[in-house]
Amino acid sequence: MNTTLNKIASILAFIIGAIAMVAGGLVLLGQATDYYVINWLLLYNYTVGVLTVFITAFLIWTNNKLAMPAAIATFSAHASVMLILLTVYRGVVSAHSLEDMTVRIIAWLIILTLMFFQLRKNSAATM
């Protein structure tokens with residue numbers, strides 16, 4: 001079974017997760033920022049980055065049956081947090097945080113699209 005699209009999706013998930021993990025980790029370790037940091041958002045980004053690198057990217061890479069639910073859950077979490085930021089924290093959240101969350105949402109839309117097309121491709125091949 002060909003899984004090229006899932007491999008690409010997994011690499012993209014790993015990269016986006018690693019960026020969140022490293023950036024969040026640096027701030028958690030005390031690196032100064034030039035913008036206001038919402039503590040729960042920092043912890044959220046770091047935690048989801050770790051989960052993405054060590055669980056979700058692996059599930060996608062191995063074509064595990066839990067890969068799609070994990071990817072949907074990750075996308076949904078990011079979309080929910082973005083909605084919270086745009087409503088509850090509108091005047092507080094930094095533009096940098098909104099940009100980062102937008103990049104994550106777009107990346108996960110691409111990941112889900114790749115996975116969807118891989119699933120369709122595999123289904124067509126088994127018929």
# chains A, B, ... in the order shown; residues from 1 in each chain; ligands from 1

$ residues_around --residues "Ile111 (chain A)" --least-positions-apart "4" --cutoff "10 Å" --atoms "only C-alpha atoms" --output "PyMOL selection string"
chain A and resi 5-6+8-13+60+68+71-72+75+105-107+115-116

$ write_last_selection --atoms "C-alpha atoms" --output "short mmCIF file (atom, residue, chain, number, x, y, z; two decimals), in the first residue's frame"
data_model
loop_
_atom_site.label_atom_id
_atom_site.label_comp_id
_atom_site.auth_asym_id
_atom_site.auth_seq_id
_atom_site.Cartn_x
_atom_site.Cartn_y
_atom_site.Cartn_z
CA LEU A 5 0.85 11.43 1.16
CA ASN A 6 0.69 10.24 4.77
CA ILE A 8 4.42 14.00 3.78
CA ALA A 9 1.60 14.78 6.25
CA SER A 10 3.58 13.17 9.06
CA ILE A 11 6.71 15.19 8.28
CA LEU A 12 4.67 18.39 8.19
CA ALA A 13 3.01 17.47 11.51
CA ILE A 60 0.33 9.33 10.75
CA MET A 68 -7.07 10.46 11.37
CA ALA A 71 -5.18 14.70 13.40
CA ILE A 72 -8.81 15.83 13.58
CA PHE A 75 -6.95 20.56 14.28
CA ILE A 105 -4.53 25.80 11.61
CA ILE A 106 -3.48 26.11 7.96
CA ALA A 107 -0.81 23.43 8.43
CA MET A 115 -4.47 12.25 4.74
CA PHE A 116 -7.92 12.40 3.14
#

$ residues_around --residues "Leu51 (chain A)" --least-positions-apart "6" --cutoff "12 Å" --atoms "only C-alpha atoms" --output "list in words"
Ala13, Phe14, Ile16, Gly17, Ala18, Ala20, Met21, Tyr44, Asn45, Ala57, Phe58, Leu59, Ala70, Ala71, Ala73 and Thr74 of chain A

$ atom_distance --atom1 "CA of Ile84 (chain A)" --atom2 "CA of Thr102 (chain A)"
13.1 Å

$ closest_residue --among "A:Thr47, A:Met82, A:Thr52, A:Ile15" --to "Ala95 (chain A)" --atoms "only C-alpha atoms"
A:Met82

$ residues_around --residues "Asn39 (chain A)" --least-positions-apart "6" --cutoff "12 Å" --atoms "only C-alpha atoms" --output "PyMOL selection string"
chain A and resi 24+27-28+45-46+93+97

$ select_by_dssp --residues "region 15-109 of chain A" --states "alpha helix (DSSP H)" --output "ChimeraX atom specification"
/A:15-28,39-51,57-61,67-87,95-109

$ closest_residue --among "A:Met101, A:Val48, A:Thr4, A:Tyr89" --to "Gly25 (chain A)" --atoms "only C-alpha atoms"
A:Val48

$ atom_distance --atom1 "CA of Val103 (chain A)" --atom2 "CA of Thr62 (chain A)"
24.8 Å

$ residues_around --residues "Leu85 (chain A)" --least-positions-apart "5" --cutoff "10 Å" --atoms "only C-alpha atoms" --output "list in words"
Leu41, Ala79, Ser80, Arg90, Gly91, Val92, Val93, Ser94, Ser97, Leu98 and Met101 of chain A

$ write_last_selection --atoms "N, CA and C atoms" --output "mmCIF file, in the first residue's frame"
data_model
loop_
_atom_site.group_PDB
_atom_site.id
_atom_site.type_symbol
_atom_site.label_atom_id
_atom_site.label_comp_id
_atom_site.auth_asym_id
_atom_site.auth_seq_id
_atom_site.Cartn_x
_atom_site.Cartn_y
_atom_site.Cartn_z
ATOM 1 N N LEU A 41 -1.888 29.717 27.212
ATOM 2 C CA LEU A 41 -1.677 29.526 25.778
ATOM 3 C C LEU A 41 -0.269 28.990 25.518
ATOM 4 N N ALA A 79 -8.352 25.038 16.398
ATOM 5 C CA ALA A 79 -9.461 25.890 15.967
ATOM 6 C C ALA A 79 -10.248 26.412 17.172
ATOM 7 N N SER A 80 -10.451 25.567 18.172
ATOM 8 C CA SER A 80 -11.164 25.984 19.382
ATOM 9 C C SER A 80 -10.394 27.051 20.143
ATOM 10 N N ARG A 90 -9.656 38.941 22.873
ATOM 11 C CA ARG A 90 -9.470 39.807 21.705
ATOM 12 C C ARG A 90 -8.516 40.969 21.957
ATOM 13 N N GLY A 91 -8.643 41.683 23.020
ATOM 14 C CA GLY A 91 -7.793 42.841 23.265
ATOM 15 C C GLY A 91 -6.505 42.525 23.987
ATOM 16 N N VAL A 92 -6.320 41.270 24.386
ATOM 17 C CA VAL A 92 -5.171 40.890 25.206
ATOM 18 C C VAL A 92 -4.109 40.127 24.417
ATOM 19 N N VAL A 93 -4.557 39.215 23.569
ATOM 20 C CA VAL A 93 -3.631 38.332 22.859
ATOM 21 C C VAL A 93 -2.795 39.124 21.848
ATOM 22 N N SER A 94 -1.545 38.735 21.735
ATOM 23 C CA SER A 94 -0.650 39.432 20.797
ATOM 24 C C SER A 94 -0.911 38.980 19.362
ATOM 25 N N SER A 97 0.862 35.738 18.562
ATOM 26 C CA SER A 97 0.163 34.508 18.947
ATOM 27 C C SER A 97 -0.926 34.156 17.944
ATOM 28 N N LEU A 98 -1.648 35.147 17.465
ATOM 29 C CA LEU A 98 -2.693 34.900 16.462
ATOM 30 C C LEU A 98 -2.100 34.410 15.147
ATOM 31 N N MET A 101 -1.042 30.759 15.623
ATOM 32 C CA MET A 101 -2.192 29.862 15.628
ATOM 33 C C MET A 101 -2.768 29.724 14.222
#

$ decode --residues "region 15-104 of chain A" --atoms "C-alpha atoms" --output "PDB file, in the first residue's frame"
ATOM      1  CA  ILE A  15       7.823  20.074  11.850  1.00  0.00           C
ATOM      2  CA  ILE A  16       4.864  22.161  13.068  1.00  0.00           C
ATOM      3  CA  GLY A  17       4.885  20.305  16.394  1.00  0.00           C
ATOM      4  CA  ALA A  18       8.646  20.677  16.832  1.00  0.00           C
ATOM      5  CA  ILE A  19       8.468  24.420  16.149  1.00  0.00           C
ATOM      6  CA  ALA A  20       5.742  24.828  18.811  1.00  0.00           C
ATOM      7  CA  MET A  21       7.680  22.639  21.226  1.00  0.00           C
ATOM      8  CA  VAL A  22      10.997  24.482  20.804  1.00  0.00           C
ATOM      9  CA  ALA A  23       9.487  27.985  20.774  1.00  0.00           C
ATOM     10  CA  GLY A  24       7.264  27.232  23.757  1.00  0.00           C
ATOM     11  CA  GLY A  25      10.073  25.481  25.595  1.00  0.00           C
ATOM     12  CA  LEU A  26      12.384  28.455  25.212  1.00  0.00           C
ATOM     13  CA  VAL A  27       9.812  30.852  26.648  1.00  0.00           C
ATOM     14  CA  LEU A  28       8.989  28.402  29.453  1.00  0.00           C
ATOM     15  CA  LEU A  29      12.715  28.322  30.269  1.00  0.00           C
ATOM     16  CA  GLY A  30      12.756  32.099  30.604  1.00  0.00           C
ATOM     17  CA  GLN A  31      13.525  33.531  27.174  1.00  0.00           C
ATOM     18  CA  ALA A  32      12.146  37.070  27.073  1.00  0.00           C
ATOM     19  CA  THR A  33       9.550  38.060  24.497  1.00  0.00           C
ATOM     20  CA  ASP A  34       8.617  41.499  23.263  1.00  0.00           C
ATOM     21  CA  TYR A  35       4.891  40.782  23.607  1.00  0.00           C
ATOM     22  CA  TYR A  36       2.476  39.782  26.367  1.00  0.00           C
ATOM     23  CA  VAL A  37       2.380  36.021  26.894  1.00  0.00           C
ATOM     24  CA  ILE A  38      -0.827  34.322  28.010  1.00  0.00           C
ATOM     25  CA  ASN A  39       0.479  31.572  30.302  1.00  0.00           C
ATOM     26  CA  TRP A  40      -2.169  28.951  29.518  1.00  0.00           C
ATOM     27  CA  LEU A  41      -1.677  29.526  25.778  1.00  0.00           C
ATOM     28  CA  LEU A  42       2.065  29.015  26.130  1.00  0.00           C
ATOM     29  CA  LEU A  43       1.517  25.782  28.045  1.00  0.00           C
ATOM     30  CA  TYR A  44      -1.124  24.660  25.521  1.00  0.00           C
ATOM     31  CA  ASN A  45       1.166  25.288  22.537  1.00  0.00           C
ATOM     32  CA  TYR A  46       4.089  23.487  24.175  1.00  0.00           C
ATOM     33  CA  THR A  47       1.979  20.497  25.268  1.00  0.00           C
ATOM     34  CA  VAL A  48       0.260  20.068  21.905  1.00  0.00           C
ATOM     35  CA  GLY A  49       3.659  20.421  20.215  1.00  0.00           C
ATOM     36  CA  VAL A  50       5.053  17.573  22.333  1.00  0.00           C
ATOM     37  CA  LEU A  51       1.984  15.401  21.696  1.00  0.00           C
ATOM     38  CA  THR A  52       2.200  16.128  17.971  1.00  0.00           C
ATOM     39  CA  VAL A  53       5.894  15.244  17.696  1.00  0.00           C
ATOM     40  CA  PHE A  54       5.778  12.079  19.785  1.00  0.00           C
ATOM     41  CA  ILE A  55       2.293  10.721  19.121  1.00  0.00           C
ATOM     42  CA  THR A  56       0.332  12.240  16.230  1.00  0.00           C
ATOM     43  CA  ALA A  57       3.190  12.437  13.708  1.00  0.00           C
ATOM     44  CA  PHE A  58       4.127   8.841  14.574  1.00  0.00           C
ATOM     45  CA  LEU A  59       0.532   7.632  14.148  1.00  0.00           C
ATOM     46  CA  ILE A  60       0.326   9.327  10.752  1.00  0.00           C
ATOM     47  CA  TRP A  61       3.737   7.956   9.668  1.00  0.00           C
ATOM     48  CA  THR A  62       2.771   4.383  10.576  1.00  0.00           C
ATOM     49  CA  ASN A  63      -0.670   4.743   8.957  1.00  0.00           C
ATOM     50  CA  ASN A  64      -2.275   3.778  12.265  1.00  0.00           C
ATOM     51  CA  LYS A  65      -6.066   3.596  12.436  1.00  0.00           C
ATOM     52  CA  LEU A  66      -5.947   6.335  15.105  1.00  0.00           C
ATOM     53  CA  ALA A  67      -4.025   8.735  12.846  1.00  0.00           C
ATOM     54  CA  MET A  68      -7.070  10.461  11.369  1.00  0.00           C
ATOM     55  CA  PRO A  69      -8.871  10.885  14.727  1.00  0.00           C
ATOM     56  CA  ALA A  70      -5.654  12.249  16.267  1.00  0.00           C
ATOM     57  CA  ALA A  71      -5.183  14.699  13.396  1.00  0.00           C
ATOM     58  CA  ILE A  72      -8.814  15.825  13.578  1.00  0.00           C
ATOM     59  CA  ALA A  73      -8.511  16.270  17.346  1.00  0.00           C
ATOM     60  CA  THR A  74      -5.351  18.361  16.940  1.00  0.00           C
ATOM     61  CA  PHE A  75      -6.950  20.557  14.283  1.00  0.00           C
ATOM     62  CA  SER A  76     -10.101  20.909  16.382  1.00  0.00           C
ATOM     63  CA  ALA A  77      -8.100  21.889  19.458  1.00  0.00           C
ATOM     64  CA  HIS A  78      -6.239  24.584  17.520  1.00  0.00           C
ATOM     65  CA  ALA A  79      -9.461  25.890  15.967  1.00  0.00           C
ATOM     66  CA  SER A  80     -11.164  25.984  19.382  1.00  0.00           C
ATOM     67  CA  VAL A  81      -8.267  27.848  20.970  1.00  0.00           C
ATOM     68  CA  MET A  82      -8.244  30.324  18.086  1.00  0.00           C
ATOM     69  CA  LEU A  83     -11.950  30.931  18.608  1.00  0.00           C
ATOM     70  CA  ILE A  84     -11.317  31.560  22.325  1.00  0.00           C
ATOM     71  CA  LEU A  85      -8.470  33.943  21.508  1.00  0.00           C
ATOM     72  CA  LEU A  86     -10.597  35.889  19.033  1.00  0.00           C
ATOM     73  CA  THR A  87     -13.530  36.206  21.408  1.00  0.00           C
ATOM     74  CA  VAL A  88     -12.500  36.118  25.061  1.00  0.00           C
ATOM     75  CA  TYR A  89      -8.929  37.433  24.660  1.00  0.00           C
ATOM     76  CA  ARG A  90      -9.470  39.807  21.705  1.00  0.00           C
ATOM     77  CA  GLY A  91      -7.793  42.841  23.265  1.00  0.00           C
ATOM     78  CA  VAL A  92      -5.171  40.890  25.206  1.00  0.00           C
ATOM     79  CA  VAL A  93      -3.631  38.332  22.859  1.00  0.00           C
ATOM     80  CA  SER A  94      -0.650  39.432  20.797  1.00  0.00           C
ATOM     81  CA  ALA A  95      -0.712  39.531  17.012  1.00  0.00           C
ATOM     82  CA  HIS A  96       2.256  37.124  17.125  1.00  0.00           C
ATOM     83  CA  SER A  97       0.163  34.508  18.947  1.00  0.00           C
ATOM     84  CA  LEU A  98      -2.693  34.900  16.462  1.00  0.00           C
ATOM     85  CA  GLU A  99      -0.287  34.540  13.538  1.00  0.00           C
ATOM     86  CA  ASP A 100       1.232  31.393  15.050  1.00  0.00           C
ATOM     87  CA  MET A 101      -2.192  29.862  15.628  1.00  0.00           C
ATOM     88  CA  THR A 102      -3.236  30.738  12.071  1.00  0.00           C
ATOM     89  CA  VAL A 103      -0.139  28.968  10.711  1.00  0.00           C
ATOM     90  CA  ARG A 104      -0.929  25.901  12.823  1.00  0.00           C
TER      91      ARG A 104
END
